[in-house]
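Before any comments, here is the structure.
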Amino acid sequence: MITLQDFMLVSAALFCIGLFIIVAKRNAIQILIGIELMLNAAILNLVAFGRYDRINNGGQMFALFAIVLAAATTAVALAIILNVYRRYKTIDADKINQLKD
Amino acid sequence: MNLAQILFYIMAFVTLGSALVVAISKNLVRSIFMFFVTLFGLAGLYVLAVADFVAVTQIVIYVGGILVLILFAFMLSGKQTLDAVAQQQNKFISLGNLYAFILAALFLVVMVNVVFKADVNALPWVKTAKETGNVIPVNQSGINNIGINLMTRYLLPFEAISILLMIALVGAAHLSRKEGNA
Amino acid sequence: MNPTPFHTDAQTVTLAIIAAVLPFAAFALNFLVFTKSKAAGWVSTTAILGSTILAATVFARVWNNHTIHMQTVWFTIGETKVQVGVLLNNLSVLLLGLVSAVALPVHVYGTAYMKDDENFSTYFRYLSFFCFSMLALVIVDSLITFYAFWELVGFSSYLLIGFWYHRDKAVAANKKAFIMNRIGDAGLLTAIIILFTQFGTFDIDALFGAGGLVAKSALANGLWSAGSGSIPAVWHYVAFGGIFLAVAAKSAQFPLHTWLPDAMEGPTSVSALIHAATMVASGVFLLGRVYPLFIGEELTILAVIGCFTAFMAATIALTQNDLKRILAYSTVSQLGYMVMAMGVGAYSSSLFHLATHAFFKCLLFLVAGIVIHEVKHIKDENNLDIDPQDIRLMGGLRKKLPVTFAVAVVGSLALIGLPLTSGYLSKDGILIQAFDWSEAQPGILKLIPAFALFTSWLTAFYVTRLVVKVFFGEFRLLHANPGIHVHASDGGFAYKIPLMVLALCCLFPLFSVNPLSYETSWLYEGLVAKHSEGGGSIYHLLIPALVNIISIVVMYAAYIIYVKRDTVPFPQTGLFYRISYHEWYIDRFYNRVIVKYTVAFSNLLFWVDRNVIDGFVHLLERIGRCIAKAAAWCDKYIVDGALWLIAKLVQEVGGFVRRFQGGKIQYYLYSMLLAVIAVFIFKLIWA
């Protein structure tokens, strides 16, 4: 029997890997991939819990919404990355540091 | 141990392994394609969580949409990114990576700790759902139910999310335009 | 007794002051406005013309009239009021008129003589400054102001001797003159201090006037007692010594006379005004001012020194070849006469001679200036390497320079003292009074008038030699360098008119109606204190005859000797010749004995200064530096170190914090996540 706990452990591991990618990678596209991984970890949790709500399908619904939102986020993020690239001629997050003092 | 469990472990392994490769690989193209594998692995996990509609949606939207978008951005960002592709850093664990790794490991420890402490299998509402049979059975697809719910109970969020999606797409298209024509 | 009641004393004083200040105004104007302009000459000349007119007016009002003395309080120290004012008596108005009257022709002459000089304006600036100092010197009434102008006169003389400062000799000469004069100035200052200590006032009139403080004081029992108290008599002699030094320096008396011949490095017109007529007379003027101070032995010393100087300078003048140097020694000689006259009690004759000498010596210098100018002109035109002042190269110039020759003869006759000239009147007066005086003197002092007499024959000889060598015979330079281009002339009116005016002043009518008796001269009468009845003396007949007959003989002899100029007339190896030619070895003596040891002593002092005093100072400096270094070390490493530590701490903290604000979103994210995990861990452990 696959328990909820198993799903949650996988989800936690996946989340941590996404987190690692976000913090460690310097390429904006990879950071985006990291964000997607974390989102997917969250969606996995929703789906896993959604099994215990047959009538309302709350978990699966929110998983769907989250997937759509992730798509929207990705679209906007990629547009931003393209703009950044156009302005700075780089997508290296280390080099885009105009926010500093 | 039944087949479902074996499949679960395989899927979990595929998912986590490919995610790790995504994290570790210095090659952007390779990490993008391993992300593709990760998404498939996740779709498998969704199936094992009896959410086949979500799994399909995952494949359609993520693999068909997001991944293509990412590849598209990768191609558009030109020479510098391609240089970054060629760039192979020989140090596997640099100092920045080490800090990130420590942070991630801390999070993992904390979350696993929380998972074990929470004892999710014995949550009250899960128990109630099991007792009342409010559990999606393994052999029964819930697609009908999902469609009905989507059009009734979740109609407002559905409309809201569609408008949001449209706005995001319009915004993304606007952002991507050349500045001179804006 | 005021015959012209519409003149007030205050007016007269004002006129005198204006006469003195006008040249200063010209100086200021030239200094500020006409710094490069030829107009400077006319500014100065106009000023001195004004001064002359005013001086003449003042002279007419004061001469043989009552003494005018006006003063005002300058400053007060304790109980002592120091006055400053104007004292106009016969002596000062005579000098006032004399200085301005001599200065006027010299100014006119200077406008022509200096016109090609690049520092034309500077020349007149200095000249006006000199005239101001000299005119002010003669009218001031206080020893303090007298001393100030005495110094200014010396200073302007220094400037003018060194006018051609690019010549090394001129610079050496003006230094020499300045140092010599400093010795005299120190003497004068000493005398002033002693007089002030004794009498408590600087007022010349109160000190030396009729019935003044000096007249009331007496030397008795080794004490010099004045009204208020008494000091040892030695101070009287010290004061005399100081004044004598001042006179000797300014009027070029032995032993301080050596600067005057060297001072001829200045422009000739300057020599004429300053080093023949006016400034060198200021020593005699000083003697005249303080005359009542002197007592018997001191006067005798003056007489001896004056006589010796006159004799020595005359012997030196015999053999010199430099035109201006001969005249300079002649000046020294004549000044010796004046000082001797003071010494023998011929007060008025001395000043009379001062006045006549001013005119004829000025005239002779101006003549010399023209001659030198023309010879220099020939030299420049033909690129000859000669000294334009060497009389051995001249000759026959009477045809080229007729006017100059004529006035030179007049001036020379006046200098020799032949009848019908002014020199006769004043010089014979001195000689006669010297003989009168020697009657009462013991032993060797009787020789003084004899020496003076002999000196006057020497004068006749060297003056004749000079005139003959310059104006008679044939032009030696042409003889030695045949084919050179020679043209010379008397020059324009700026040359001729001053010469002729001065030549007229050298003749007797200006001073006396009777050309043979000095005692009838108005000038003599105006200066003599009490009319002495010495007319019965045999000397009054004998001396003039003796002087003039022998002088004429000497002149004829000199003419005969020097008009034939093919051979050297005298052997040039004799002892007397060498003594004379080397100016009695006085300069050499000074250089060997005084200058050498002074320089050696100075070097010693310099060494002491450098090694002992500076060494001590360096030691102090080194100690100071060590302390300073220690302090600097403390400052740097302890005080600054503490500050630096604090600063570094703040900086490090800032830098550490700053790293979170690196503008890199991943750092922000990392920090945020770190905070989140910290909260989680905290919750897990303590919750």
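Letters A, B, ... go to the chains of the structure tokens in the order shown; residues in each chain start at 1; ligands are counted from 1 in the same order.
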Using only C-alpha atoms and a cut-off of 12 Å, which residues of chain B sit close to chain C? Please list them as a ChimeraX atom specification. /B:96-97,99-114,117-118
Would you write out those residues with C-alpha atoms, as a PDB file, in the first residue's frame?
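Result saved to again_35.pdb:
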```pdb
ATOM      1  CA  GLY B  96      28.053  28.759  -3.276  1.00  0.00           C
ATOM      2  CA  ASN B  97      26.813  25.268  -4.098  1.00  0.00           C
ATOM      3  CA  TYR B  99      25.869  26.749   1.089  1.00  0.00           C
ATOM      4  CA  ALA B 100      22.886  25.936  -1.075  1.00  0.00           C
ATOM      5  CA  PHE B 101      23.322  22.275  -0.386  1.00  0.00           C
ATOM      6  CA  ILE B 102      23.458  22.864   3.359  1.00  0.00           C
ATOM      7  CA  LEU B 103      20.300  24.921   3.179  1.00  0.00           C
ATOM      8  CA  ALA B 104      18.513  22.314   1.115  1.00  0.00           C
ATOM      9  CA  ALA B 105      19.671  19.534   3.416  1.00  0.00           C
ATOM     10  CA  LEU B 106      18.431  21.483   6.447  1.00  0.00           C
ATOM     11  CA  PHE B 107      15.074  21.923   4.784  1.00  0.00           C
ATOM     12  CA  LEU B 108      14.928  18.244   3.957  1.00  0.00           C
ATOM     13  CA  VAL B 109      15.720  17.245   7.513  1.00  0.00           C
ATOM     14  CA  VAL B 110      13.169  19.642   8.894  1.00  0.00           C
ATOM     15  CA  MET B 111      10.456  18.591   6.460  1.00  0.00           C
ATOM     16  CA  VAL B 112      11.037  14.872   6.918  1.00  0.00           C
ATOM     17  CA  ASN B 113      10.960  15.497  10.602  1.00  0.00           C
ATOM     18  CA  VAL B 114       7.656  17.337  10.233  1.00  0.00           C
ATOM     19  CA  LYS B 117       5.835  14.069  13.444  1.00  0.00           C
ATOM     20  CA  ALA B 118       2.563  14.907  11.704  1.00  0.00           C
TER      21      ALA B 118
END
```
Could you please tell me, as an MDAnalysis selection string, which residues of chain A have an atom within 8 Å of chain B when using only C-alpha atoms? chainID A and resid 1:5 8:10 12:14 16:21 23:24 29:30 33 37 40 44 47:48 51:57 60:61 63:65 67:69 71:83 85 89:91
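Taking atom CA of C:Ala341 as the reference point, atom CA of C:Leu458 is found at 18.2 Å.
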So which residues touch stretch 320-328 of chain C within 6 Å, counting only C-alpha atoms, skipping near sequence neighbours fewer than 4 positions away, as a list in words? Pro261, Gln389, Asp390 and Ile391 of chain C
As a PyMOL selection string, list the residues of stretch 427-598 of chain C assigned to helix (DSSP H, G or I) by DSSP on the backbone atoms of this structure. chain C and resi 427-439+443-471+476-480+493-505+508-510+518-520+522-527+539-563+575-581+583-598
Selection file, C-alpha atoms, as a short mmCIF file (atom, residue, chain, number, x, y, z; two decimals), in the first residue's frame:
```cif
data_model
loop_
_atom_site.label_atom_id
_atom_site.label_comp_id
_atom_site.auth_asym_id
_atom_site.auth_seq_id
_atom_site.Cartn_x
_atom_site.Cartn_y
_atom_site.Cartn_z
CA LYS C 427 90.56 129.35 0.73
CA ASP C 428 92.68 132.33 1.62
CA GLY C 429 90.38 133.00 4.49
CA ILE C 430 91.06 129.53 5.82
CA LEU C 431 94.80 129.84 5.35
CA ILE C 432 95.00 133.24 6.97
CA GLN C 433 92.97 132.12 9.94
CA ALA C 434 95.04 128.99 10.23
CA PHE C 435 98.18 131.06 10.48
CA ASP C 436 96.51 133.35 12.99
CA TRP C 437 95.53 130.33 15.01
CA SER C 438 98.99 128.74 14.92
CA GLU C 439 100.46 131.77 16.60
CA GLY C 443 105.47 123.22 18.91
CA ILE C 444 104.58 120.98 16.07
CA LEU C 445 101.11 122.37 15.63
CA LYS C 446 102.68 125.42 14.08
CA LEU C 447 103.37 123.26 11.06
CA ILE C 448 99.69 122.81 10.27
CA PRO C 449 99.21 126.04 8.32
CA ALA C 450 102.45 125.39 6.53
CA PHE C 451 101.14 122.05 5.38
CA ALA C 452 97.91 123.66 4.34
CA LEU C 453 99.84 126.20 2.34
CA PHE C 454 101.94 123.49 0.75
CA THR C 455 98.76 121.61 -0.05
CA SER C 456 97.39 124.56 -1.91
CA TRP C 457 100.47 124.58 -4.14
CA LEU C 458 100.03 120.85 -4.69
CA THR C 459 96.48 121.62 -5.63
CA ALA C 460 97.66 124.15 -8.16
CA PHE C 461 99.99 121.51 -9.60
CA TYR C 462 97.56 118.68 -9.99
CA VAL C 463 94.76 120.84 -11.27
CA THR C 464 97.03 122.29 -13.89
CA ARG C 465 98.20 118.80 -14.78
CA LEU C 466 94.64 117.71 -15.18
CA VAL C 467 93.59 120.62 -17.34
CA VAL C 468 96.71 120.51 -19.47
CA LYS C 469 96.51 116.79 -20.02
CA VAL C 470 92.89 116.94 -20.98
CA PHE C 471 92.65 120.12 -22.96
CA ARG C 476 96.72 111.30 -27.53
CA LEU C 477 94.11 108.78 -28.47
CA LEU C 478 94.25 109.93 -32.06
CA HIS C 479 98.00 109.80 -31.86
CA ALA C 480 98.00 106.23 -30.65
CA PHE C 493 71.86 123.48 -24.03
CA ALA C 494 71.13 120.99 -21.33
CA TYR C 495 74.90 120.68 -21.05
CA LYS C 496 75.96 124.21 -21.74
CA ILE C 497 73.56 126.20 -19.60
CA PRO C 498 74.27 124.38 -16.30
CA LEU C 499 77.98 124.71 -16.97
CA MET C 500 77.80 128.41 -17.65
CA VAL C 501 75.55 129.08 -14.67
CA LEU C 502 77.90 127.22 -12.38
CA ALA C 503 80.92 128.93 -13.90
CA LEU C 504 79.36 132.30 -13.12
CA CYS C 505 78.83 131.14 -9.57
CA PHE C 508 83.80 136.50 -6.97
CA PRO C 509 80.82 138.81 -7.50
CA LEU C 510 78.37 136.28 -6.17
CA TYR C 518 87.16 137.48 2.19
CA GLU C 519 86.11 139.45 5.21
CA THR C 520 83.88 141.69 3.22
CA TRP C 522 78.34 138.85 2.86
CA LEU C 523 78.44 135.15 3.37
CA TYR C 524 81.37 135.33 5.72
CA GLU C 525 79.82 138.13 7.62
CA GLY C 526 76.53 136.35 7.93
CA LEU C 527 78.12 133.30 9.48
CA TYR C 539 99.25 137.23 7.32
CA HIS C 540 96.47 139.09 5.60
CA LEU C 541 98.91 140.53 3.18
CA LEU C 542 101.53 137.84 3.18
CA ILE C 543 99.45 134.76 2.71
CA PRO C 544 97.50 135.71 -0.40
CA ALA C 545 100.62 136.94 -2.05
CA LEU C 546 102.59 133.86 -1.12
CA VAL C 547 99.85 131.51 -2.15
CA ASN C 548 99.13 133.10 -5.44
CA ILE C 549 102.60 133.89 -6.63
CA ILE C 550 103.89 130.45 -5.91
CA SER C 551 100.71 128.90 -7.29
CA ILE C 552 101.19 130.70 -10.55
CA VAL C 553 104.77 129.55 -10.69
CA VAL C 554 103.70 126.00 -10.00
CA MET C 555 101.02 126.18 -12.64
CA TYR C 556 103.44 127.44 -15.19
CA ALA C 557 105.84 124.68 -14.31
CA ALA C 558 103.12 122.10 -14.62
CA TYR C 559 102.04 123.52 -17.94
CA ILE C 560 105.58 123.34 -19.24
CA ILE C 561 105.98 119.80 -17.99
CA TYR C 562 102.74 118.39 -19.25
CA VAL C 563 102.13 120.23 -22.44
CA LEU C 575 109.16 105.94 -3.15
CA PHE C 576 107.05 109.08 -3.18
CA TYR C 577 105.59 108.26 -6.54
CA ARG C 578 104.58 104.83 -5.41
CA ILE C 579 103.12 106.09 -2.17
CA SER C 580 101.13 108.64 -4.08
CA TYR C 581 100.12 106.35 -6.92
CA GLU C 583 96.99 106.17 -2.57
CA TRP C 584 99.29 105.90 0.43
CA TYR C 585 98.59 102.17 0.55
CA ILE C 586 95.64 102.92 2.75
CA ASP C 587 93.25 100.65 0.91
CA ARG C 588 95.89 97.97 0.84
CA PHE C 589 96.49 98.47 4.54
CA TYR C 590 92.80 98.20 5.21
CA ASN C 591 92.55 95.10 3.11
CA ARG C 592 95.58 93.47 4.70
CA VAL C 593 94.98 94.45 8.28
CA ILE C 594 91.38 95.24 8.89
CA VAL C 595 89.42 93.52 6.15
CA LYS C 596 91.52 90.39 6.23
CA TYR C 597 91.24 89.92 9.97
CA THR C 598 87.65 90.99 9.98
#
```
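Relative to atom CA of C:Asn383, atom CA of C:Met264 is found at 23.7 Å.
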Let me make sure I understand: among A:Asn27, A:Arg86, A:Ala66, A:Gly34, which one has the smallest atom-to-atom distance to A:Leu46 if we use only C-alpha atoms? A:Ala66
